[in-house]
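Source file: upload.txt. Holds: compact mmCIF, C-alpha atoms and all ligand atoms.
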# COMPACT_ATOMS: atom_id res chain seq x y z
CA MET A 16 158.24 151.17 113.22
CA VAL A 17 156.10 148.42 111.74
CA ARG A 18 157.68 146.58 108.81
CA ALA A 19 155.82 145.43 105.71
CA TRP A 20 157.05 143.87 102.47
CA TYR A 21 155.95 142.08 99.31
CA MET A 22 156.14 138.31 99.71
CA ASP A 23 157.83 135.72 97.54
CA ASP A 24 155.68 132.80 96.42
CA SER A 25 157.79 129.98 97.81
CA SER A 26 156.03 127.17 99.63
CA ASP A 27 158.57 127.20 102.49
CA ASP A 28 157.46 127.36 106.13
CA GLN A 29 154.74 130.05 106.50
CA ARG A 30 156.50 131.29 109.66
CA LEU A 31 159.54 132.53 107.71
CA GLU A 32 159.72 136.12 106.39
CA HIS A 33 159.25 135.28 102.70
CA GLN A 34 161.08 138.39 101.47
CA LEU A 35 161.63 138.91 97.74
CA THR A 36 165.22 139.12 96.44
CA PRO A 37 166.02 141.94 96.61
CA PRO A 38 163.50 142.82 99.35
CA LYS A 39 160.65 145.14 98.39
CA SER A 40 159.36 146.99 101.44
CA VAL A 41 156.02 148.75 101.79
CA SER A 42 155.61 152.00 103.75
CA LEU A 43 152.67 152.73 106.03
CA GLU A 44 151.42 155.31 103.50
CA GLU A 45 151.51 152.77 100.67
CA LEU A 46 149.82 150.22 102.89
CA ALA A 47 147.01 152.65 103.69
CA LYS A 48 146.63 153.74 100.07
CA ASN A 49 146.84 150.30 98.46
CA THR A 50 144.91 148.23 100.98
CA GLY A 51 143.02 150.50 103.41
CA VAL A 52 144.85 148.97 106.38
CA ILE A 53 145.10 151.41 109.30
CA TYR A 54 147.95 151.31 111.78
CA TYR A 55 148.56 152.94 115.17
CA LYS A 56 151.61 152.72 117.40
CA LEU A 57 150.89 152.60 121.14
CA ASP A 58 153.04 152.01 124.19
CA PRO A 59 152.66 148.25 124.80
CA LYS A 60 152.92 148.72 128.58
CA LYS A 61 151.57 152.20 129.28
CA TYR A 62 148.67 152.37 126.84
CA ASP A 63 146.28 152.86 129.76
CA GLU A 64 148.03 155.95 131.17
CA GLU A 65 148.73 157.12 127.64
CA GLY A 66 145.01 157.25 126.86
CA LYS A 67 145.59 156.56 123.18
CA LEU A 68 143.72 153.25 123.19
CA SER A 69 140.65 154.75 124.87
CA ARG A 70 140.71 157.56 122.32
CA ILE A 71 140.81 155.13 119.39
CA LYS A 72 138.03 153.03 120.96
CA GLU A 73 135.90 156.12 121.41
CA GLU A 74 136.56 157.60 117.97
CA ARG A 75 135.93 154.33 116.14
CA GLY A 76 133.13 153.04 118.37
CA TYR A 77 134.85 149.91 119.63
CA ASN A 78 132.97 148.78 122.74
CA TYR A 79 133.94 145.10 122.88
CA MET A 80 137.35 143.77 123.90
CA ASP A 81 138.88 140.41 124.72
CA VAL A 82 142.35 138.87 124.74
CA ILE A 83 143.68 136.08 122.55
CA GLN A 84 146.91 134.16 123.05
CA VAL A 85 148.24 131.99 120.26
CA SER A 86 150.94 129.44 121.10
CA PRO A 87 151.12 125.63 121.12
CA GLU A 88 150.77 125.68 124.94
CA LYS A 89 148.12 128.37 125.39
CA MET A 90 145.65 127.66 122.62
CA HIS A 91 143.00 125.00 122.58
CA ASN A 92 142.91 123.16 119.20
CA TYR A 93 146.13 124.94 118.26
CA GLU A 94 146.98 123.12 115.00
CA GLU A 95 143.44 123.47 113.69
CA ARG A 96 143.19 127.17 114.63
CA ILE A 97 146.55 127.95 113.01
CA LYS A 98 145.34 126.39 109.75
CA VAL A 99 142.12 128.42 109.85
CA PHE A 100 144.01 131.69 110.50
CA PHE A 101 146.22 131.04 107.47
CA GLU A 102 143.42 130.25 105.00
CA GLU A 103 142.84 133.31 102.82
CA HIS A 104 139.56 134.85 104.00
CA LEU A 105 137.58 138.03 104.66
CA HIS A 106 135.19 139.23 107.36
CA THR A 107 132.00 141.29 107.24
CA ASP A 108 133.57 143.67 109.81
CA GLU A 109 136.97 145.16 110.57
CA GLU A 110 139.59 142.89 112.12
CA ILE A 111 141.21 144.92 114.92
CA ARG A 112 144.17 143.60 116.87
CA PHE A 113 146.34 145.35 119.47
CA ILE A 114 149.50 143.32 120.06
CA THR A 115 150.71 143.31 123.68
CA GLU A 116 153.23 140.42 123.62
CA GLY A 117 155.02 138.29 121.04
CA SER A 118 154.81 138.75 117.29
CA GLY A 119 153.36 137.46 114.03
CA TYR A 120 152.45 138.30 110.46
CA PHE A 121 149.25 139.56 108.89
CA ASP A 122 149.27 139.03 105.12
CA VAL A 123 146.95 141.22 103.03
CA ARG A 124 146.28 141.37 99.29
CA ASP A 125 147.06 144.62 97.46
CA GLN A 126 145.00 145.96 94.54
CA GLU A 127 146.90 143.74 92.08
CA ASP A 128 146.30 140.71 94.28
CA HIS A 129 149.90 140.47 95.49
CA TRP A 130 150.56 139.48 99.11
CA ILE A 131 151.95 142.12 101.46
CA ARG A 132 153.30 140.73 104.75
CA ILE A 133 152.91 142.99 107.81
CA GLU A 134 155.02 142.18 110.85
CA VAL A 135 153.29 142.98 114.14
CA THR A 136 155.03 143.34 117.51
CA PRO A 137 154.02 144.77 120.94
CA GLY A 138 152.44 148.22 120.67
CA ASP A 139 151.10 147.69 117.13
CA LEU A 140 147.38 148.25 116.67
CA ILE A 141 146.28 147.13 113.23
CA ILE A 142 142.87 147.52 111.59
CA LEU A 143 142.09 145.39 108.55
CA PRO A 144 139.05 146.79 106.72
CA ALA A 145 135.91 144.67 106.26
CA GLY A 146 136.06 142.75 102.99
CA ILE A 147 139.86 142.63 102.58
CA TYR A 148 141.35 139.22 101.75
CA HIS A 149 143.93 138.36 104.40
CA ARG A 150 145.43 135.66 106.63
CA PHE A 151 147.51 135.41 109.80
CA THR A 152 150.49 133.33 110.89
CA LEU A 153 152.80 133.18 113.87
CA ASP A 154 156.50 133.67 113.11
CA THR A 155 159.24 131.25 114.18
CA LYS A 156 158.97 132.42 117.81
CA ASN A 157 155.51 130.82 117.95
CA TYR A 158 153.82 133.23 120.32
CA ILE A 159 151.49 136.24 120.20
CA LYS A 160 149.13 137.89 122.66
CA ALA A 161 146.65 140.46 121.37
CA MET A 162 143.51 142.35 122.29
CA ARG A 163 140.62 141.87 119.91
CA LEU A 164 138.38 144.91 119.57
CA PHE A 165 134.95 145.09 117.97
CA THR A 166 131.84 147.23 117.65
CA GLY A 167 128.85 145.46 119.21
CA GLU A 168 128.47 141.68 119.46
CA PRO A 169 131.66 140.22 117.96
CA VAL A 170 131.51 138.17 114.77
CA TRP A 171 134.76 136.38 114.00
CA THR A 172 133.50 134.21 111.12
CA PRO A 173 136.06 133.86 108.32
CA HIS A 174 134.65 133.67 104.78
CA ASN A 175 137.23 131.85 102.75
CA ARG A 176 138.13 133.04 99.27
CA PRO A 177 136.28 133.11 96.91
CA ALA A 178 133.79 135.43 98.63
CA ASP A 179 133.61 138.01 95.84
CA ASN A 180 129.81 138.30 95.88
CA MET A 181 129.59 139.24 99.52
CA GLU A 182 128.39 142.76 100.32
CA ALA A 183 131.47 143.42 102.46
CA ARG A 184 133.74 142.51 99.52
CA LYS A 185 131.82 144.72 97.07
CA ASN A 186 131.93 147.64 99.50
CA TYR A 187 135.64 147.14 100.05
CA ILE A 188 136.32 147.18 96.28
CA LEU A 189 134.19 150.33 95.97
CA GLN A 190 136.07 152.09 98.80
CA GLN A 191 139.34 151.05 97.22
CA SER A 192 138.36 152.47 93.82
CA LYS A 193 137.66 155.79 95.56
CA GLY A 194 141.11 155.71 97.18
CA PHE A 195 139.67 155.06 100.68
C1 LIG B 1 142.91 136.20 113.63
O1 LIG B 1 141.69 136.39 113.60
O2 LIG B 1 143.59 135.95 112.62
C2 LIG B 1 143.58 136.25 114.92
O3 LIG B 1 142.95 136.55 115.88
C3 LIG B 1 145.02 135.94 114.95
C4 LIG B 1 145.63 136.07 116.27
S1 LIG B 1 145.66 137.71 116.92
C5 LIG B 1 147.10 138.44 116.33
NI NI B 2 140.70 137.28 109.69

Reformat the file's structure so that it appears as structure tokens.
Amino acid sequence: MVRAWYMDDSSDDQRLEHQLTPPKSVSLEELAKNTGVIYYKLDPKKYDEEGKLSRIKEERGYNYMDVIQVSPEKMHNYEERIKVFFEEHLHTDEEIRFITEGSGYFDVRDQEDHWIRIEVTPGDLIILPAGIYHRFTLDTKNYIKAMRLFTGEPVWTPHNRPADNMEARKNYILQQSKGF
């Protein structure tokens, strides 16, 4: 079961959990309703036999796939990349990640602009809608491996906040006002 919670606003290490006191957790239903984030649970080892990944790819039209590993040892320009991941930003397309090893946190803004932290571990497939403000960090274990999926030629460009006038942002707000 994926865990999500509202974050505190302390400036401590970004890799810590940043739970409120007392903790305020967010269910998958709330996450979907308040942010439009979609979540699937797959078998991290048997997803091929399982056929669930191919079904999702087919249904949602994802025809591009590559693998990213984030760790001090495995990533070129690690420090710089980590900083970029953690800058609040949006994309013009969905951000789709299927975690196969390790763990980390995706932080997304809810409708009242509060941060929700989503913990991802092997088997989690997460889809952040186009136009949502978000960021990513490793946790204290410092390692994640994930598949990146996309429709067509991939565009990974982050548009740092503020990007409120972008079409993707306006569409996201519109979808949100309709309850997704
Ligand atoms: C991103 O775009 O934030 C990433 O690819 C992070 C690493 S994949 C979990
Ligand atoms: Ni992003």

Problem set entry | Pick from A:Phe101, A:Ile188, A:Ile131, A:Gly167 nearest to ligand NI 2 (chain B), counting only C-alpha atoms and all ligand atoms |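 Looking at the shortest contact to ligand NI 2 (chain B), the residue is A:Phe101.
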
For this session: Give me, please, the distance in Å between CA of Glu103 (chain A) and CA of Thr152 (chain A), quoted to one decimal.
Result: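 Spanning CA of Glu103 (chain A) to CA of Thr152 (chain A) is a straight-line distance of 11.1 Å.
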
For this session: May I ask you to write as a PyMOL selection string all residues lying at most 10 Å from ligand NI 2 (chain B), with only C-alpha atoms and all ligand atoms counted?
Result: chain A and resi 99-111+121-123+143+145-151+171-175

Residues just named, written with C-alpha atoms as an mmCIF file, keeping the file's coordinate frame:
data_model
loop_
_atom_site.group_PDB
_atom_site.id
_atom_site.type_symbol
_atom_site.label_atom_id
_atom_site.label_comp_id
_atom_site.auth_asym_id
_atom_site.auth_seq_id
_atom_site.Cartn_x
_atom_site.Cartn_y
_atom_site.Cartn_z
ATOM 1 C CA VAL A 99 142.120 128.420 109.850
ATOM 2 C CA PHE A 100 144.010 131.690 110.500
ATOM 3 C CA PHE A 101 146.220 131.040 107.470
ATOM 4 C CA GLU A 102 143.420 130.250 105.000
ATOM 5 C CA GLU A 103 142.840 133.310 102.820
ATOM 6 C CA HIS A 104 139.560 134.850 104.000
ATOM 7 C CA LEU A 105 137.580 138.030 104.660
ATOM 8 C CA HIS A 106 135.190 139.230 107.360
ATOM 9 C CA THR A 107 132.000 141.290 107.240
ATOM 10 C CA ASP A 108 133.570 143.670 109.810
ATOM 11 C CA GLU A 109 136.970 145.160 110.570
ATOM 12 C CA GLU A 110 139.590 142.890 112.120
ATOM 13 C CA ILE A 111 141.210 144.920 114.920
ATOM 14 C CA PHE A 121 149.250 139.560 108.890
ATOM 15 C CA ASP A 122 149.270 139.030 105.120
ATOM 16 C CA VAL A 123 146.950 141.220 103.030
ATOM 17 C CA LEU A 143 142.090 145.390 108.550
ATOM 18 C CA ALA A 145 135.910 144.670 106.260
ATOM 19 C CA GLY A 146 136.060 142.750 102.990
ATOM 20 C CA ILE A 147 139.860 142.630 102.580
ATOM 21 C CA TYR A 148 141.350 139.220 101.750
ATOM 22 C CA HIS A 149 143.930 138.360 104.400
ATOM 23 C CA ARG A 150 145.430 135.660 106.630
ATOM 24 C CA PHE A 151 147.510 135.410 109.800
ATOM 25 C CA TRP A 171 134.760 136.380 114.000
ATOM 26 C CA THR A 172 133.500 134.210 111.120
ATOM 27 C CA PRO A 173 136.060 133.860 108.320
ATOM 28 C CA HIS A 174 134.650 133.670 104.780
ATOM 29 C CA ASN A 175 137.230 131.850 102.750
#

Problem set entry | Nearest residue to Lys39 (chain A) from the set A:Ser192, A:Met22, A:Asp139, A:Ala161 (distances using only C-alpha atoms) | A:Met22

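Straight-line separation from CA of Asn157 (chain A) to CA of Glu134 (chain A): 13.4 Å.
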
Using only C-alpha atoms, which protein or nucleic acid residues come within 6 Å of region 46-56 of chain A? Drop anything in the same chain fewer than 3 positions from it, and give the result as an mmCIF file with C-alpha atoms, in the frame of the given file.
data_model
loop_
_atom_site.group_PDB
_atom_site.id
_atom_site.type_symbol
_atom_site.label_atom_id
_atom_site.label_comp_id
_atom_site.auth_asym_id
_atom_site.auth_seq_id
_atom_site.Cartn_x
_atom_site.Cartn_y
_atom_site.Cartn_z
ATOM 1 C CA LEU A 43 152.670 152.730 106.030
ATOM 2 C CA ASP A 125 147.060 144.620 97.460
ATOM 3 C CA GLY A 138 152.440 148.220 120.670
ATOM 4 C CA ASP A 139 151.100 147.690 117.130
ATOM 5 C CA LEU A 140 147.380 148.250 116.670
ATOM 6 C CA ILE A 141 146.280 147.130 113.230
ATOM 7 C CA ILE A 142 142.870 147.520 111.590
ATOM 8 C CA LEU A 143 142.090 145.390 108.550
#

All file atoms of ligand LIG 1 (chain B) boxed axis-aligned, 5 Å per side, centre plus edges, as lines of an AutoDock Vina configuration file:
center_x = 144.4
center_y = 137.2
center_z = 114.8
size_x = 15.4
size_y = 12.5
size_z = 14.3

Exercise. Could you work out how far CA of Asp81 (chain A) lies from CA of Pro169 (chain A), giving the answer in Å with one decimal?
Worked result: 9.9 Å

Exercise. Smallest atom-to-atom distance to ligand LIG 1 (chain B): which of A:Lys156, A:His91, A:Arg132, A:Arg112, using only C-alpha atoms and all ligand atoms?
Worked result: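 Under the stated criterion, the closest residue is A:Arg112.
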
Exercise. Nearest to Leu31 (chain A): which of A:Gly119, A:Pro59, A:Pro177, A:Pro137 is it, counting all atoms listed in the file?
Worked result: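 Nearest candidate to Leu31 (chain A) out of A:Gly119, A:Pro59, A:Pro177, A:Pro137: A:Gly119.
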
Exercise. Restricting the calculation to all atoms listed in the file, which member of A:Glu65, A:Asp28, A:Glu116, A:Glu94 is positioned closest to ligand LIG 1 (chain B)?
Worked result: A:Glu116

Problem set entry | Counting only C-alpha atoms and all ligand atoms, the residue of A:Arg18, A:Arg96, A:Lys67, A:Arg176 that sits nearest ligand LIG 1 (chain B) |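 Comparing A:Arg18, A:Arg96, A:Lys67, A:Arg176 against ligand LIG 1 (chain B), the winner is A:Arg96.
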
Problem set entry | Polymer residues at most 9 Å from Leu35 (chain A), all atoms listed in the file, same-chain spacing of 3 or more positions, as a list in words |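 Contacts, with the query itself left out: Trp20, Tyr21, Met22, Asp23, Asp24, Pro38 and Lys39 of chain A.
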
Please, could you write that set of residues out with C-alpha atoms as a compact mmCIF listing (two decimals), keeping the file's coordinate frame?
# COMPACT_ATOMS: atom_id res chain seq x y z
CA TRP A 20 157.05 143.87 102.47
CA TYR A 21 155.95 142.08 99.31
CA MET A 22 156.14 138.31 99.71
CA ASP A 23 157.83 135.72 97.54
CA ASP A 24 155.68 132.80 96.42
CA PRO A 38 163.50 142.82 99.35
CA LYS A 39 160.65 145.14 98.39

Can I get region 157-179 of chain A with N, CA, C and O atoms filled in, as an mmCIF file, in the coordinates of the input?
data_model
loop_
_atom_site.group_PDB
_atom_site.id
_atom_site.type_symbol
_atom_site.label_atom_id
_atom_site.label_comp_id
_atom_site.auth_asym_id
_atom_site.auth_seq_id
_atom_site.Cartn_x
_atom_site.Cartn_y
_atom_site.Cartn_z
ATOM 1 N N ASN A 157 156.704 131.584 117.542
ATOM 2 C CA ASN A 157 155.510 130.820 117.950
ATOM 3 C C ASN A 157 154.698 131.384 119.107
ATOM 4 O O ASN A 157 154.122 130.616 119.885
ATOM 5 N N TYR A 158 154.637 132.692 119.226
ATOM 6 C CA TYR A 158 153.820 133.230 120.320
ATOM 7 C C TYR A 158 153.328 134.644 120.021
ATOM 8 O O TYR A 158 154.104 135.516 119.612
ATOM 9 N N ILE A 159 152.032 134.868 120.255
ATOM 10 C CA ILE A 159 151.490 136.240 120.200
ATOM 11 C C ILE A 159 150.368 136.365 121.218
ATOM 12 O O ILE A 159 149.659 135.389 121.516
ATOM 13 N N LYS A 160 150.261 137.569 121.784
ATOM 14 C CA LYS A 160 149.130 137.890 122.660
ATOM 15 C C LYS A 160 148.562 139.211 122.153
ATOM 16 O O LYS A 160 149.318 140.168 121.937
ATOM 17 N N ALA A 161 147.258 139.256 121.948
ATOM 18 C CA ALA A 161 146.650 140.460 121.370
ATOM 19 C C ALA A 161 145.268 140.709 121.944
ATOM 20 O O ALA A 161 144.571 139.775 122.345
ATOM 21 N N MET A 162 144.894 141.979 121.983
ATOM 22 C CA MET A 162 143.510 142.350 122.290
ATOM 23 C C MET A 162 142.735 142.333 120.992
ATOM 24 O O MET A 162 143.240 142.776 119.960
ATOM 25 N N ARG A 163 141.511 141.817 121.058
ATOM 26 C CA ARG A 163 140.620 141.870 119.910
ATOM 27 C C ARG A 163 139.531 142.889 120.220
ATOM 28 O O ARG A 163 138.845 142.769 121.237
ATOM 29 N N LEU A 164 139.394 143.867 119.357
ATOM 30 C CA LEU A 164 138.380 144.910 119.570
ATOM 31 C C LEU A 164 137.274 144.732 118.535
ATOM 32 O O LEU A 164 137.483 144.145 117.462
ATOM 33 N N PHE A 165 136.093 145.238 118.882
ATOM 34 C CA PHE A 165 134.950 145.090 117.970
ATOM 35 C C PHE A 165 133.876 146.118 118.339
ATOM 36 O O PHE A 165 133.850 146.611 119.460
ATOM 37 N N THR A 166 133.013 146.392 117.378
ATOM 38 C CA THR A 166 131.840 147.230 117.650
ATOM 39 C C THR A 166 130.628 146.325 117.788
ATOM 40 O O THR A 166 130.271 145.630 116.839
ATOM 41 N N GLY A 167 130.031 146.296 118.982
ATOM 42 C CA GLY A 167 128.850 145.460 119.210
ATOM 43 C C GLY A 167 129.228 144.014 119.477
ATOM 44 O O GLY A 167 130.347 143.716 119.880
ATOM 45 N N GLU A 168 128.249 143.108 119.248
ATOM 46 C CA GLU A 168 128.470 141.680 119.460
ATOM 47 C C GLU A 168 129.505 141.170 118.464
ATOM 48 O O GLU A 168 129.292 141.289 117.254
ATOM 49 N N PRO A 169 130.623 140.609 118.924
ATOM 50 C CA PRO A 169 131.660 140.220 117.960
ATOM 51 C C PRO A 169 131.261 139.079 117.033
ATOM 52 O O PRO A 169 130.565 138.156 117.434
ATOM 53 N N VAL A 170 131.695 139.200 115.796
ATOM 54 C CA VAL A 170 131.510 138.170 114.770
ATOM 55 C C VAL A 170 132.897 137.879 114.217
ATOM 56 O O VAL A 170 133.512 138.754 113.608
ATOM 57 N N TRP A 171 133.389 136.681 114.447
ATOM 58 C CA TRP A 171 134.760 136.380 114.000
ATOM 59 C C TRP A 171 134.782 135.515 112.745
ATOM 60 O O TRP A 171 135.842 135.125 112.273
ATOM 61 N N THR A 172 133.599 135.172 112.227
ATOM 62 C CA THR A 172 133.500 134.210 111.120
ATOM 63 C C THR A 172 134.387 134.563 109.936
ATOM 64 O O THR A 172 134.242 135.643 109.356
ATOM 65 N N PRO A 173 135.290 133.632 109.540
ATOM 66 C CA PRO A 173 136.060 133.860 108.320
ATOM 67 C C PRO A 173 135.276 133.346 107.107
ATOM 68 O O PRO A 173 134.685 132.270 107.164
ATOM 69 N N HIS A 174 135.245 134.135 106.047
ATOM 70 C CA HIS A 174 134.650 133.670 104.780
ATOM 71 C C HIS A 174 135.805 133.445 103.824
ATOM 72 O O HIS A 174 136.443 134.404 103.369
ATOM 73 N N ASN A 175 136.067 132.168 103.558
ATOM 74 C CA ASN A 175 137.230 131.850 102.750
ATOM 75 C C ASN A 175 137.033 132.290 101.301
ATOM 76 O O ASN A 175 135.922 132.308 100.791
ATOM 77 N N ARG A 176 138.154 132.674 100.678
ATOM 78 C CA ARG A 176 138.130 133.040 99.270
ATOM 79 C C ARG A 176 137.773 131.814 98.444
ATOM 80 O O ARG A 176 138.314 130.751 98.730
ATOM 81 N N PRO A 177 136.906 131.901 97.419
ATOM 82 C CA PRO A 177 136.280 133.110 96.910
ATOM 83 C C PRO A 177 135.044 133.544 97.692
ATOM 84 O O PRO A 177 134.200 132.722 98.013
ATOM 85 N N ALA A 178 134.970 134.850 97.979
ATOM 86 C CA ALA A 178 133.790 135.430 98.630
ATOM 87 C C ALA A 178 133.475 136.747 97.929
ATOM 88 O O ALA A 178 133.099 137.733 98.570
ATOM 89 N N ASP A 179 133.696 136.763 96.608
ATOM 90 C CA ASP A 179 133.610 138.010 95.840
ATOM 91 C C ASP A 179 132.210 138.602 95.760
ATOM 92 O O ASP A 179 132.061 139.794 95.493
#
